[in-house]
file structure-v2.cif (mmCIF, C-alpha atoms; chains and numbers go by the auth columns)
data_final
loop_
_atom_site.group_PDB
_atom_site.id
_atom_site.type_symbol
_atom_site.label_atom_id
_atom_site.label_comp_id
_atom_site.label_asym_id
_atom_site.label_seq_id
_atom_site.Cartn_x
_atom_site.Cartn_y
_atom_site.Cartn_z
_atom_site.B_iso_or_equiv
_atom_site.auth_seq_id
_atom_site.auth_asym_id
ATOM 1 C CA MET A 1 -20.544 -13.529 -107.782 0.00 27 A
ATOM 2 C CA SER A 2 -22.121 -13.753 -104.329 0.00 28 A
ATOM 3 C CA HIS A 3 -22.152 -10.639 -102.158 0.00 29 A
ATOM 4 C CA THR A 4 -22.973 -12.502 -98.922 0.00 30 A
ATOM 5 C CA ARG A 5 -19.872 -14.627 -98.432 0.00 31 A
ATOM 6 C CA LYS A 6 -17.628 -13.964 -95.464 0.00 32 A
ATOM 7 C CA THR A 7 -14.765 -11.494 -95.520 0.00 33 A
ATOM 8 C CA VAL A 8 -11.417 -11.679 -93.726 0.00 34 A
ATOM 9 C CA ALA A 9 -12.948 -9.520 -90.996 0.00 35 A
ATOM 10 C CA ASP A 10 -15.843 -11.981 -90.642 0.00 36 A
ATOM 11 C CA ILE A 11 -13.494 -14.959 -90.357 0.00 37 A
ATOM 12 C CA ARG A 12 -11.383 -13.142 -87.760 0.00 38 A
ATOM 13 C CA ALA A 13 -14.512 -12.312 -85.784 0.00 39 A
ATOM 14 C CA LEU A 14 -15.298 -16.042 -85.448 0.00 40 A
ATOM 15 C CA LYS A 15 -12.057 -16.681 -83.524 0.00 41 A
ATOM 16 C CA GLY A 16 -12.973 -17.740 -80.011 0.00 42 A
ATOM 17 C CA VAL A 17 -16.681 -17.620 -80.843 0.00 43 A
ATOM 18 C CA ARG A 18 -17.260 -20.848 -82.734 0.00 44 A
ATOM 19 C CA GLN A 19 -15.369 -23.453 -84.716 0.00 45 A
ATOM 20 C CA ILE A 20 -14.876 -22.820 -88.441 0.00 46 A
ATOM 21 C CA SER A 21 -15.413 -25.681 -90.882 0.00 47 A
ATOM 22 C CA MET A 22 -12.915 -25.995 -93.722 0.00 48 A
ATOM 23 C CA LEU A 23 -12.387 -28.419 -96.618 0.00 49 A
ATOM 24 C CA TYR A 24 -9.726 -28.866 -99.291 0.00 50 A
ATOM 25 C CA VAL A 25 -11.606 -29.474 -102.551 0.00 51 A
ATOM 26 C CA GLU A 26 -10.421 -30.220 -106.069 0.00 52 A
ATOM 27 C CA THR A 27 -13.493 -30.412 -108.286 0.00 53 A
ATOM 28 C CA LEU A 28 -16.523 -28.344 -109.191 0.00 54 A
ATOM 29 C CA TYR A 29 -18.745 -31.071 -107.719 0.00 55 A
ATOM 30 C CA GLU A 30 -16.915 -30.920 -104.377 0.00 56 A
ATOM 31 C CA ALA A 31 -17.022 -27.115 -104.304 0.00 57 A
ATOM 32 C CA ARG A 32 -20.753 -27.052 -105.054 0.00 58 A
ATOM 33 C CA ALA A 33 -21.444 -29.693 -102.414 0.00 59 A
ATOM 34 C CA ALA A 34 -19.416 -27.782 -99.818 0.00 60 A
ATOM 35 C CA ALA A 35 -21.310 -24.585 -100.585 0.00 61 A
ATOM 36 C CA ALA A 36 -24.650 -26.380 -100.361 0.00 62 A
ATOM 37 C CA ALA A 37 -23.600 -27.935 -97.036 0.00 63 A
ATOM 38 C CA GLY A 38 -22.723 -24.548 -95.565 0.00 64 A
ATOM 39 C CA ILE A 39 -18.978 -25.136 -95.140 0.00 65 A
ATOM 40 C CA ASP A 40 -17.298 -21.907 -93.994 0.00 66 A
ATOM 41 C CA MET A 41 -13.957 -22.087 -95.811 0.00 67 A
ATOM 42 C CA LEU A 42 -12.511 -23.923 -98.782 0.00 68 A
ATOM 43 C CA SER A 43 -8.903 -24.455 -99.760 0.00 69 A
ATOM 44 C CA ILE A 44 -8.468 -24.687 -103.533 0.00 70 A
ATOM 45 C CA ILE A 45 -5.062 -25.008 -105.128 0.00 71 A
ATOM 46 C CA ASP A 46 -4.069 -22.418 -107.713 0.00 72 A
ATOM 47 C CA PRO A 47 -3.904 -24.640 -110.831 0.00 73 A
ATOM 48 C CA VAL A 48 -7.603 -25.537 -110.481 0.00 74 A
ATOM 49 C CA TRP A 49 -8.699 -22.088 -109.286 0.00 75 A
ATOM 50 C CA THR A 50 -10.888 -20.673 -112.075 0.00 76 A
ATOM 51 C CA PRO A 51 -13.939 -18.436 -112.404 0.00 77 A
ATOM 52 C CA GLU A 52 -15.984 -21.652 -112.659 0.00 78 A
ATOM 53 C CA MET A 53 -14.616 -22.806 -109.297 0.00 79 A
ATOM 54 C CA ARG A 54 -15.431 -19.420 -107.781 0.00 80 A
ATOM 55 C CA GLU A 55 -19.013 -19.752 -108.940 0.00 81 A
ATOM 56 C CA ALA A 56 -19.212 -23.334 -107.694 0.00 82 A
ATOM 57 C CA ALA A 57 -17.869 -22.310 -104.271 0.00 83 A
ATOM 58 C CA GLY A 58 -20.873 -20.039 -103.733 0.00 84 A
ATOM 59 C CA ASP A 59 -20.735 -18.277 -100.371 0.00 85 A
ATOM 60 C CA CYS A 60 -17.706 -20.206 -99.114 0.00 86 A
ATOM 61 C CA PHE A 61 -14.660 -18.140 -98.148 0.00 87 A
ATOM 62 C CA VAL A 62 -11.899 -19.467 -100.428 0.00 88 A
ATOM 63 C CA GLN A 63 -8.219 -19.785 -99.621 0.00 89 A
ATOM 64 C CA VAL A 64 -6.267 -20.161 -102.867 0.00 90 A
ATOM 65 C CA GLY A 65 -3.122 -22.257 -102.486 0.00 91 A
ATOM 66 C CA LEU A 66 -0.009 -20.796 -104.118 0.00 92 A
ATOM 67 C CA LEU A 67 2.351 -23.625 -105.018 0.00 93 A
ATOM 68 C CA TYR A 68 5.557 -23.627 -103.000 0.00 94 A
ATOM 69 C CA GLY A 69 8.393 -24.839 -105.215 0.00 95 A
ATOM 70 C CA GLU A 70 6.753 -23.835 -108.479 0.00 96 A
ATOM 71 C CA LEU A 71 6.708 -20.172 -107.525 0.00 97 A
ATOM 72 C CA CYS A 72 10.142 -18.918 -106.514 0.00 98 A
ATOM 73 C CA THR A 73 10.576 -15.160 -106.364 0.00 99 A
ATOM 74 C CA TYR A 74 8.478 -12.598 -104.564 0.00 100 A
ATOM 75 C CA GLU A 75 7.329 -11.337 -107.965 0.00 101 A
ATOM 76 C CA ASP A 76 6.128 -14.870 -108.833 0.00 102 A
ATOM 77 C CA TYR A 77 4.074 -14.986 -105.660 0.00 103 A
ATOM 78 C CA LEU A 78 2.752 -11.460 -106.115 0.00 104 A
ATOM 79 C CA ARG A 79 1.528 -12.117 -109.660 0.00 105 A
ATOM 80 C CA ALA A 80 -0.064 -15.414 -108.630 0.00 106 A
ATOM 81 C CA ALA A 81 -1.688 -13.806 -105.592 0.00 107 A
ATOM 82 C CA HIS A 82 -3.166 -10.942 -107.599 0.00 108 A
ATOM 83 C CA ARG A 83 -4.486 -13.421 -110.168 0.00 109 A
ATOM 84 C CA ALA A 84 -6.080 -15.508 -107.403 0.00 110 A
ATOM 85 C CA ILE A 85 -7.731 -12.475 -105.823 0.00 111 A
ATOM 86 C CA ARG A 86 -8.845 -11.133 -109.206 0.00 112 A
ATOM 87 C CA ILE A 87 -10.712 -14.380 -109.904 0.00 113 A
ATOM 88 C CA GLY A 88 -12.461 -14.015 -106.564 0.00 114 A
ATOM 89 C CA GLY A 89 -10.193 -15.632 -103.997 0.00 115 A
ATOM 90 C CA ASP A 90 -10.660 -14.328 -100.469 0.00 116 A
ATOM 91 C CA CYS A 91 -7.100 -15.018 -99.318 0.00 117 A
ATOM 92 C CA VAL A 92 -3.998 -16.896 -100.463 0.00 118 A
ATOM 93 C CA TYR A 93 -2.027 -19.691 -98.846 0.00 119 A
ATOM 94 C CA CYS A 94 1.721 -19.099 -98.919 0.00 120 A
ATOM 95 C CA ALA A 95 4.362 -21.348 -97.343 0.00 121 A
ATOM 96 C CA ALA A 96 7.243 -19.209 -98.591 0.00 122 A
ATOM 97 C CA SER A 97 9.608 -17.100 -96.482 0.00 123 A
ATOM 98 C CA LEU A 98 8.571 -14.566 -93.878 0.00 124 A
ATOM 99 C CA ASP A 99 9.933 -11.883 -96.184 0.00 125 A
ATOM 100 C CA THR A 100 7.618 -12.967 -99.008 0.00 126 A
ATOM 101 C CA ILE A 101 4.646 -13.116 -96.645 0.00 127 A
ATOM 102 C CA ARG A 102 5.524 -9.664 -95.313 0.00 128 A
ATOM 103 C CA LYS A 103 5.644 -8.223 -98.830 0.00 129 A
ATOM 104 C CA LEU A 104 2.338 -9.808 -99.865 0.00 130 A
ATOM 105 C CA ALA A 105 0.681 -8.529 -96.709 0.00 131 A
ATOM 106 C CA ALA A 106 2.087 -5.065 -97.366 0.00 132 A
ATOM 107 C CA GLU A 107 0.180 -5.101 -100.672 0.00 133 A
ATOM 108 C CA GLY A 108 -3.047 -5.744 -98.776 0.00 134 A
ATOM 109 C CA ILE A 109 -3.267 -9.390 -99.804 0.00 135 A
ATOM 110 C CA PRO A 110 -4.714 -11.587 -97.022 0.00 136 A
ATOM 111 C CA VAL A 111 -2.185 -14.376 -96.384 0.00 137 A
ATOM 112 C CA VAL A 112 -2.501 -17.726 -94.619 0.00 138 A
ATOM 113 C CA SER A 113 0.725 -19.596 -93.941 0.00 139 A
ATOM 114 C CA HIS A 114 1.575 -22.923 -92.279 0.00 140 A
ATOM 115 C CA VAL A 115 3.086 -24.141 -89.009 0.00 141 A
ATOM 116 C CA GLY A 116 3.653 -27.514 -87.365 0.00 142 A
ATOM 117 C CA LEU A 117 3.915 -30.288 -89.924 0.00 143 A
ATOM 118 C CA ILE A 118 4.497 -28.415 -93.191 0.00 144 A
ATOM 119 C CA PRO A 119 4.467 -31.058 -95.936 0.00 145 A
ATOM 120 C CA SER A 120 6.745 -29.109 -98.286 0.00 146 A
ATOM 121 C CA LYS A 121 9.306 -28.667 -95.492 0.00 147 A
ATOM 122 C CA ALA A 122 8.764 -31.840 -93.462 0.00 148 A
ATOM 123 C CA THR A 123 12.404 -32.891 -93.745 0.00 149 A
ATOM 124 C CA TRP A 124 13.305 -30.168 -91.202 0.00 150 A
ATOM 125 C CA THR A 125 10.993 -31.620 -88.564 0.00 151 A
ATOM 126 C CA GLY A 126 11.684 -35.312 -89.112 0.00 152 A
ATOM 127 C CA GLY A 127 9.251 -36.244 -91.847 0.00 153 A
ATOM 128 C CA PHE A 128 5.509 -36.761 -91.864 0.00 154 A
ATOM 129 C CA LYS A 129 4.831 -36.972 -88.161 0.00 155 A
ATOM 130 C CA ALA A 130 3.519 -34.801 -85.342 0.00 156 A
ATOM 131 C CA VAL A 131 5.413 -31.625 -84.465 0.00 157 A
ATOM 132 C CA GLY A 132 5.423 -30.023 -81.010 0.00 158 A
ATOM 133 C CA LYS A 133 5.666 -33.149 -78.846 0.00 159 A
ATOM 134 C CA THR A 134 8.526 -31.735 -76.780 0.00 160 A
ATOM 135 C CA ALA A 135 8.663 -28.402 -74.973 0.00 161 A
ATOM 136 C CA ASP A 136 11.370 -27.170 -77.345 0.00 162 A
ATOM 137 C CA SER A 137 9.464 -28.240 -80.431 0.00 163 A
ATOM 138 C CA ALA A 138 6.218 -26.745 -79.124 0.00 164 A
ATOM 139 C CA MET A 139 7.991 -23.438 -78.455 0.00 165 A
ATOM 140 C CA SER A 140 9.371 -23.478 -82.002 0.00 166 A
ATOM 141 C CA VAL A 141 5.816 -23.776 -83.334 0.00 167 A
ATOM 142 C CA PHE A 142 4.681 -20.917 -81.103 0.00 168 A
ATOM 143 C CA GLU A 143 7.604 -18.730 -82.160 0.00 169 A
ATOM 144 C CA HIS A 144 6.821 -19.461 -85.812 0.00 170 A
ATOM 145 C CA VAL A 145 3.227 -18.387 -85.235 0.00 171 A
ATOM 146 C CA LYS A 146 4.338 -15.125 -83.618 0.00 172 A
ATOM 147 C CA ALA A 147 6.763 -14.472 -86.496 0.00 173 A
ATOM 148 C CA LEU A 148 3.931 -14.937 -89.004 0.00 174 A
ATOM 149 C CA GLU A 149 1.767 -12.610 -86.939 0.00 175 A
ATOM 150 C CA ALA A 150 4.510 -9.961 -87.047 0.00 176 A
ATOM 151 C CA ALA A 151 4.924 -10.476 -90.798 0.00 177 A
ATOM 152 C CA GLY A 152 1.270 -9.592 -91.391 0.00 178 A
ATOM 153 C CA ALA A 153 -0.328 -12.986 -92.049 0.00 179 A
ATOM 154 C CA PHE A 154 -3.942 -13.235 -90.921 0.00 180 A
ATOM 155 C CA GLY A 155 -4.026 -17.001 -90.438 0.00 181 A
ATOM 156 C CA ALA A 156 -1.989 -20.183 -90.426 0.00 182 A
ATOM 157 C CA GLU A 157 -2.663 -23.851 -91.015 0.00 183 A
ATOM 158 C CA LEU A 158 -1.767 -25.682 -87.795 0.00 184 A
ATOM 159 C CA GLU A 159 -1.046 -29.251 -88.824 0.00 185 A
ATOM 160 C CA VAL A 160 -0.541 -32.334 -86.636 0.00 186 A
ATOM 161 C CA VAL A 161 0.365 -30.559 -83.383 0.00 187 A
ATOM 162 C CA PRO A 162 -0.692 -32.007 -79.987 0.00 188 A
ATOM 163 C CA ASP A 163 -4.141 -30.771 -79.048 0.00 189 A
ATOM 164 C CA ARG A 164 -3.118 -29.105 -75.775 0.00 190 A
ATOM 165 C CA VAL A 165 -0.249 -27.295 -77.475 0.00 191 A
ATOM 166 C CA ALA A 166 -2.511 -26.177 -80.314 0.00 192 A
ATOM 167 C CA ALA A 167 -5.117 -24.853 -77.881 0.00 193 A
ATOM 168 C CA GLU A 168 -2.602 -22.797 -75.910 0.00 194 A
ATOM 169 C CA ILE A 169 -0.988 -21.379 -79.056 0.00 195 A
ATOM 170 C CA SER A 170 -4.368 -20.499 -80.572 0.00 196 A
ATOM 171 C CA LYS A 171 -5.303 -18.538 -77.430 0.00 197 A
ATOM 172 C CA ARG A 172 -2.095 -16.531 -77.614 0.00 198 A
ATOM 173 C CA THR A 173 -2.224 -15.253 -81.194 0.00 199 A
ATOM 174 C CA SER A 174 -4.429 -12.999 -83.265 0.00 200 A
ATOM 175 C CA LEU A 175 -3.950 -15.390 -86.201 0.00 201 A
ATOM 176 C CA VAL A 176 -6.880 -17.586 -87.191 0.00 202 A
ATOM 177 C CA MET A 177 -5.455 -21.068 -86.607 0.00 203 A
ATOM 178 C CA LEU A 178 -6.757 -23.543 -89.165 0.00 204 A
ATOM 179 C CA GLY A 179 -6.345 -26.860 -87.414 0.00 205 A
ATOM 180 C CA MET A 180 -5.649 -30.076 -89.277 0.00 206 A
ATOM 181 C CA GLY A 181 -5.091 -32.855 -86.786 0.00 207 A
ATOM 182 C CA ALA A 182 -4.583 -30.255 -84.045 0.00 208 A
ATOM 183 C CA GLY A 183 -7.601 -30.933 -81.857 0.00 209 A
ATOM 184 C CA PRO A 184 -10.622 -28.848 -80.852 0.00 210 A
ATOM 185 C CA GLY A 185 -8.613 -25.920 -79.470 0.00 211 A
ATOM 186 C CA ALA A 186 -7.705 -24.586 -82.919 0.00 212 A
ATOM 187 C CA ASP A 187 -10.009 -22.028 -84.534 0.00 213 A
ATOM 188 C CA ALA A 188 -11.003 -24.225 -87.481 0.00 214 A
ATOM 189 C CA GLN A 189 -11.326 -27.900 -88.296 0.00 215 A
ATOM 190 C CA TYR A 190 -9.793 -28.567 -91.690 0.00 216 A
ATOM 191 C CA LEU A 191 -10.022 -31.840 -93.652 0.00 217 A
ATOM 192 C CA PHE A 192 -9.496 -32.953 -97.219 0.00 218 A
ATOM 193 C CA ALA A 193 -12.691 -33.739 -99.120 0.00 219 A
ATOM 194 C CA GLU A 194 -11.201 -37.019 -100.316 0.00 220 A
ATOM 195 C CA ASP A 195 -10.784 -38.166 -96.701 0.00 221 A
ATOM 196 C CA VAL A 196 -14.321 -37.116 -95.750 0.00 222 A
ATOM 197 C CA LEU A 197 -15.661 -38.985 -98.779 0.00 223 A
ATOM 198 C CA GLY A 198 -13.611 -42.130 -98.193 0.00 224 A
ATOM 199 C CA CYS A 199 -11.593 -42.009 -101.411 0.00 225 A
ATOM 200 C CA THR A 200 -8.167 -41.033 -100.070 0.00 226 A
ATOM 201 C CA ARG A 201 -5.295 -41.376 -102.524 0.00 227 A
ATOM 202 C CA GLY A 202 -2.363 -42.869 -100.652 0.00 228 A
ATOM 203 C CA HIS A 203 -1.968 -42.715 -96.871 0.00 229 A
ATOM 204 C CA ARG A 204 -5.005 -41.697 -94.852 0.00 230 A
ATOM 205 C CA PRO A 205 -3.877 -39.533 -91.921 0.00 231 A
ATOM 206 C CA ARG A 206 -4.884 -40.344 -88.353 0.00 232 A
ATOM 207 C CA HIS A 207 -6.930 -37.163 -88.024 0.00 233 A
ATOM 208 C CA ALA A 208 -9.075 -37.960 -91.076 0.00 234 A
ATOM 209 C CA LYS A 209 -12.687 -38.939 -90.465 0.00 235 A
ATOM 210 C CA VAL A 210 -14.549 -40.844 -93.160 0.00 236 A
ATOM 211 C CA TYR A 211 -18.229 -39.978 -93.602 0.00 237 A
ATOM 212 C CA ARG A 212 -19.010 -41.839 -96.844 0.00 238 A
ATOM 213 C CA ASP A 213 -17.540 -44.743 -98.834 0.00 239 A
ATOM 214 C CA PHE A 214 -17.118 -43.090 -102.211 0.00 240 A
ATOM 215 C CA GLN A 215 -14.328 -45.509 -103.145 0.00 241 A
ATOM 216 C CA ALA A 216 -16.783 -48.408 -103.191 0.00 242 A
ATOM 217 C CA GLU A 217 -19.090 -46.338 -105.399 0.00 243 A
ATOM 218 C CA TYR A 218 -16.198 -45.395 -107.687 0.00 244 A
ATOM 219 C CA ASP A 219 -15.242 -49.080 -107.928 0.00 245 A
ATOM 220 C CA ARG A 220 -18.839 -49.997 -108.771 0.00 246 A
ATOM 221 C CA LEU A 221 -19.002 -47.281 -111.426 0.00 247 A
ATOM 222 C CA GLN A 222 -15.690 -48.427 -112.904 0.00 248 A
ATOM 223 C CA ALA A 223 -17.012 -51.985 -113.175 0.00 249 A
ATOM 224 C CA GLU A 224 -20.120 -50.629 -114.898 0.00 250 A
ATOM 225 C CA ARG A 225 -17.921 -48.501 -117.182 0.00 251 A
ATOM 226 C CA ILE A 226 -15.881 -51.526 -118.218 0.00 252 A
ATOM 227 C CA ALA A 227 -19.045 -53.562 -118.781 0.00 253 A
ATOM 228 C CA ALA A 228 -20.582 -50.845 -120.966 0.00 254 A
ATOM 229 C CA PHE A 229 -17.400 -50.459 -123.028 0.00 255 A
ATOM 230 C CA SER A 230 -17.169 -54.234 -123.440 0.00 256 A
ATOM 231 C CA GLU A 231 -20.746 -54.428 -124.687 0.00 257 A
ATOM 232 C CA PHE A 232 -20.090 -51.604 -127.154 0.00 258 A
ATOM 233 C CA ASN A 233 -16.965 -53.380 -128.382 0.00 259 A
ATOM 234 C CA ALA A 234 -18.934 -56.611 -128.901 0.00 260 A
ATOM 235 C CA ASP A 235 -21.717 -54.786 -130.752 0.00 261 A
ATOM 236 C CA VAL A 236 -19.197 -53.202 -133.126 0.00 262 A
ATOM 237 C CA ALA A 237 -17.628 -56.589 -133.791 0.00 263 A
ATOM 238 C CA SER A 238 -20.981 -58.291 -134.431 0.00 264 A
ATOM 239 C CA GLY A 239 -22.532 -55.448 -136.414 0.00 265 A
ATOM 240 C CA ALA A 240 -25.233 -54.881 -133.789 0.00 266 A
ATOM 241 C CA TYR A 241 -24.119 -51.260 -133.637 0.00 267 A
ATOM 242 C CA PRO A 242 -25.015 -48.989 -135.324 0.00 268 A
ATOM 243 C CA GLU A 243 -28.725 -49.735 -135.713 0.00 269 A
ATOM 244 C CA GLN A 244 -31.040 -47.903 -138.069 0.00 270 A
ATOM 245 C CA GLY A 245 -31.948 -45.347 -135.444 0.00 271 A
ATOM 246 C CA HIS A 246 -28.295 -44.331 -135.078 0.00 272 A
ATOM 247 C CA VAL A 247 -27.798 -43.163 -138.661 0.00 273 A
ATOM 248 C CA ALA A 248 -28.964 -40.178 -140.709 0.00 274 A
ATOM 249 C CA PRO A 249 -31.555 -41.041 -143.406 0.00 275 A
ATOM 250 C CA ILE A 250 -31.666 -39.822 -146.995 0.00 276 A
ATOM 251 C CA ALA A 251 -34.757 -39.861 -149.230 0.00 277 A
ATOM 252 C CA ASP A 252 -34.754 -42.612 -151.872 0.00 278 A
ATOM 253 C CA HIS A 253 -34.954 -40.207 -154.805 0.00 279 A
ATOM 254 C CA GLU A 254 -32.050 -38.143 -153.480 0.00 280 A
ATOM 255 C CA PHE A 255 -29.945 -41.241 -152.972 0.00 281 A
ATOM 256 C CA GLU A 256 -30.815 -42.486 -156.478 0.00 282 A
ATOM 257 C CA ALA A 257 -29.836 -39.090 -157.938 0.00 283 A
ATOM 258 C CA PHE A 258 -26.556 -39.263 -156.011 0.00 284 A
ATOM 259 C CA MET A 259 -25.848 -42.753 -157.309 0.00 285 A
ATOM 260 C CA ARG A 260 -26.441 -41.643 -160.927 0.00 286 A
ATOM 261 C CA ARG A 261 -23.811 -38.947 -160.526 0.00 287 A
ATOM 262 C CA LEU A 262 -21.155 -41.257 -159.170 0.00 288 A
ATOM 263 C CA PRO A 263 -18.520 -42.501 -161.636 0.00 289 A
ATOM 264 C CA ASP A 264 -18.569 -46.192 -162.452 0.00 290 A
#

call {"tool": "encode", "arguments": {"input": "structure-v2.cif", "output": "structure tokens"}}
result
Amino acid sequence: MSHTRKTVADIRALKGVRQISMLYVETLYEARAAAAAGIDMLSIIDPVWTPEMREAAGDCFVQVGLLYGELCTYEDYLRAAHRAIRIGGDCVYCAASLDTIRKLAAEGIPVVSHVGLIPSKATWTGGFKAVGKTADSAMSVFEHVKALEAAGAFGAELEVVPDRVAAEISKRTSLVMLGMGAGPGADAQYLFAEDVLGCTRGHRPRHAKVYRDFQAEYDRLQAERIAAFSEFNADVASGAYPEQGHVAPIADHEFEAFMRRLPD
């Protein structure tokens, strides 16, 4: 395990100094690429968080996502958080209640929560759309941030909030604000790897920026995969496969001895 990756204290020290880069990744390949590219922070969801992912993430500071809805009680969250940290997570993401966040923080577990558009709770704010577009709504986001600060969280994802609102909130909290569609005034710029790579599953959000067209490459590879499988299928049908080089040989005298021993 690397001994040079950033700590919570290091991430906090970047607030107001420079923007933090952050990606949500799902595979070992993505984690390795992010580490090689020098990305500051990764978000990796708990079911795919393994020692192999920790190694792949290199020096990246990793936020391990605890699944809201699958974990229910404080004890569920505590066990999952300790497991995540034991594997090498640097903090956990928790969208549960303030009470749960308070209890995790009291155990010394670094916690990141979520404000603005919270996908698991979007019904309360009108669905998958921007939050904070009125003065009342913007104040609700700010008050949520201050409540998380009081509960002991060290950061919060700030999702799809108007840029001017996000900037003013970020200046008025000690939390590290991980902006996703919240403009340049947040402390971090957070995107999903699939959006960056151009292979988004489902709706691509407005704040996503595509840097490569991996979907076209995946489509090309799938066409090549189908072609290869079709050729194999045809070779099996025609007897072209297997060829002599694909089978194990046996010396003639050994085969003849074997044949003599076989019953008629």

call {"tool": "resolve_selection", "arguments": {"input": "structure-v2.cif", "expression": "the PyMOL selection byres ((chain A and resi 159) around 12)", "output": "compact mmCIF listing (two decimals) with C-alpha atoms, in the coordinates of the input"}}
result
# COMPACT_ATOMS: atom_id res chain seq x y z
CA GLY A 142 3.65 -27.51 -87.36
CA LEU A 143 3.92 -30.29 -89.92
CA THR A 151 10.99 -31.62 -88.56
CA LYS A 155 4.83 -36.97 -88.16
CA ALA A 156 3.52 -34.80 -85.34
CA VAL A 157 5.41 -31.62 -84.46
CA GLY A 158 5.42 -30.02 -81.01
CA THR A 160 8.53 -31.74 -76.78
CA ALA A 161 8.66 -28.40 -74.97
CA ASP A 162 11.37 -27.17 -77.34
CA SER A 163 9.46 -28.24 -80.43
CA ALA A 164 6.22 -26.74 -79.12
CA MET A 165 7.99 -23.44 -78.46
CA SER A 166 9.37 -23.48 -82.00
CA VAL A 167 5.82 -23.78 -83.33
CA VAL A 186 -0.54 -32.33 -86.64
CA VAL A 187 0.36 -30.56 -83.38
CA PRO A 188 -0.69 -32.01 -79.99
CA ASP A 189 -4.14 -30.77 -79.05
CA ARG A 190 -3.12 -29.10 -75.78
CA VAL A 191 -0.25 -27.30 -77.47
CA ALA A 192 -2.51 -26.18 -80.31
CA ALA A 208 -4.58 -30.26 -84.04

call {"tool": "residues_around", "arguments": {"input": "structure-v2.cif", "residues": "Val43 (chain A)", "least_positions_apart": "3", "cutoff": "9 Å", "atoms": "only C-alpha atoms", "output": "list in words"}}
result
Ala39, Leu40 and Asp213 of chain A

call {"tool": "closest_residue", "arguments": {"input": "structure-v2.cif", "among": "A:Ile71, A:Ile135, A:Cys86, A:Met206", "to": "Ala59 (chain A)", "atoms": "only C-alpha atoms"}}
result
A:Cys86

call {"tool": "resolve_selection", "arguments": {"input": "structure-v2.cif", "expression": "the PyMOL selection byres ((chain A and resi 222) around 12)", "output": "list in words"}}
result
Met48, Leu49, Tyr50, Val51, Glu56, Ala60, Tyr216, Leu217, Phe218, Ala219, Glu220, Asp221, Leu223, Gly224, Cys225, Thr226, Arg230, Pro231, His233, Ala234, Lys235, Val236, Tyr237, Arg238, Asp239, Phe240 and Gln241 of chain A

call {"tool": "write_last_selection", "arguments": {"input": "structure-v2.cif", "atoms": "C-alpha atoms", "output": "compact mmCIF listing (two decimals), in the coordinates of the input"}}
result
# COMPACT_ATOMS: atom_id res chain seq x y z
CA MET A 48 -12.92 -26.00 -93.72
CA LEU A 49 -12.39 -28.42 -96.62
CA TYR A 50 -9.73 -28.87 -99.29
CA VAL A 51 -11.61 -29.47 -102.55
CA GLU A 56 -16.92 -30.92 -104.38
CA ALA A 60 -19.42 -27.78 -99.82
CA TYR A 216 -9.79 -28.57 -91.69
CA LEU A 217 -10.02 -31.84 -93.65
CA PHE A 218 -9.50 -32.95 -97.22
CA ALA A 219 -12.69 -33.74 -99.12
CA GLU A 220 -11.20 -37.02 -100.32
CA ASP A 221 -10.78 -38.17 -96.70
CA LEU A 223 -15.66 -38.98 -98.78
CA GLY A 224 -13.61 -42.13 -98.19
CA CYS A 225 -11.59 -42.01 -101.41
CA THR A 226 -8.17 -41.03 -100.07
CA ARG A 230 -5.00 -41.70 -94.85
CA PRO A 231 -3.88 -39.53 -91.92
CA HIS A 233 -6.93 -37.16 -88.02
CA ALA A 234 -9.07 -37.96 -91.08
CA LYS A 235 -12.69 -38.94 -90.46
CA VAL A 236 -14.55 -40.84 -93.16
CA TYR A 237 -18.23 -39.98 -93.60
CA ARG A 238 -19.01 -41.84 -96.84
CA ASP A 239 -17.54 -44.74 -98.83
CA PHE A 240 -17.12 -43.09 -102.21
CA GLN A 241 -14.33 -45.51 -103.14

call {"tool": "atom_distance", "arguments": {"input": "structure-v2.cif", "atom1": "CA of Gly64 (chain A)", "atom2": "CA of Gln45 (chain A)"}}
result
13.2 Å

call {"tool": "atom_distance", "arguments": {"input": "structure-v2.cif", "atom1": "CA of Gln215 (chain A)", "atom2": "CA of Gly42 (chain A)"}}
result
13.2 Å

call {"tool": "atom_distance", "arguments": {"input": "structure-v2.cif", "atom1": "CA of Gly178 (chain A)", "atom2": "CA of Ala131 (chain A)"}}
result
5.5 Å

call {"tool": "closest_residue", "arguments": {"input": "structure-v2.cif", "among": "A:Arg58, A:Asp102, A:Lys32, A:Lys41", "to": "Met203 (chain A)", "atoms": "only C-alpha atoms"}}
result
A:Lys41

call {"tool": "resolve_selection", "arguments": {"input": "structure-v2.cif", "expression": "the PyMOL selection byres ((chain A and resi 200) around 9)", "output": "ChimeraX atom specification"}}
result
/A:38,41,175,180-181,196-199,201-203

call {"tool": "closest_residue", "arguments": {"input": "structure-v2.cif", "among": "A:Asp72, A:Glu133, A:Glu250, A:Glu101", "to": "Gly114 (chain A)", "atoms": "only C-alpha atoms"}}
result
A:Asp72

call {"tool": "closest_residue", "arguments": {"input": "structure-v2.cif", "among": "A:Ile70, A:Ala242, A:Val141, A:Ile252", "to": "Asp116 (chain A)", "atoms": "all atoms listed in the file"}}
result
A:Ile70

call {"tool": "residues_around", "arguments": {"input": "structure-v2.cif", "residues": "Leu54 (chain A)", "least_positions_apart": "2", "cutoff": "6 Å", "atoms": "all atoms listed in the file", "output": "list in words"}}
result
Glu56, Ala57, Met79 and Ala82 of chain A

call {"tool": "axis_aligned_box", "arguments": {"input": "structure-v2.cif", "around": "region 174-189 of chain A", "padding_each_side": "8 Å", "output": "JSON"}}
result
{"center_x": 0.4, "center_y": -21.0, "center_z": -85.5, "size_x": 25.1, "size_y": 38.7, "size_z": 29.0}

call {"tool": "closest_residue", "arguments": {"input": "structure-v2.cif", "among": "A:Ala122, A:Leu104, A:Gly153, A:Pro210", "to": "Gly134 (chain A)", "atoms": "only C-alpha atoms"}}
result
A:Leu104
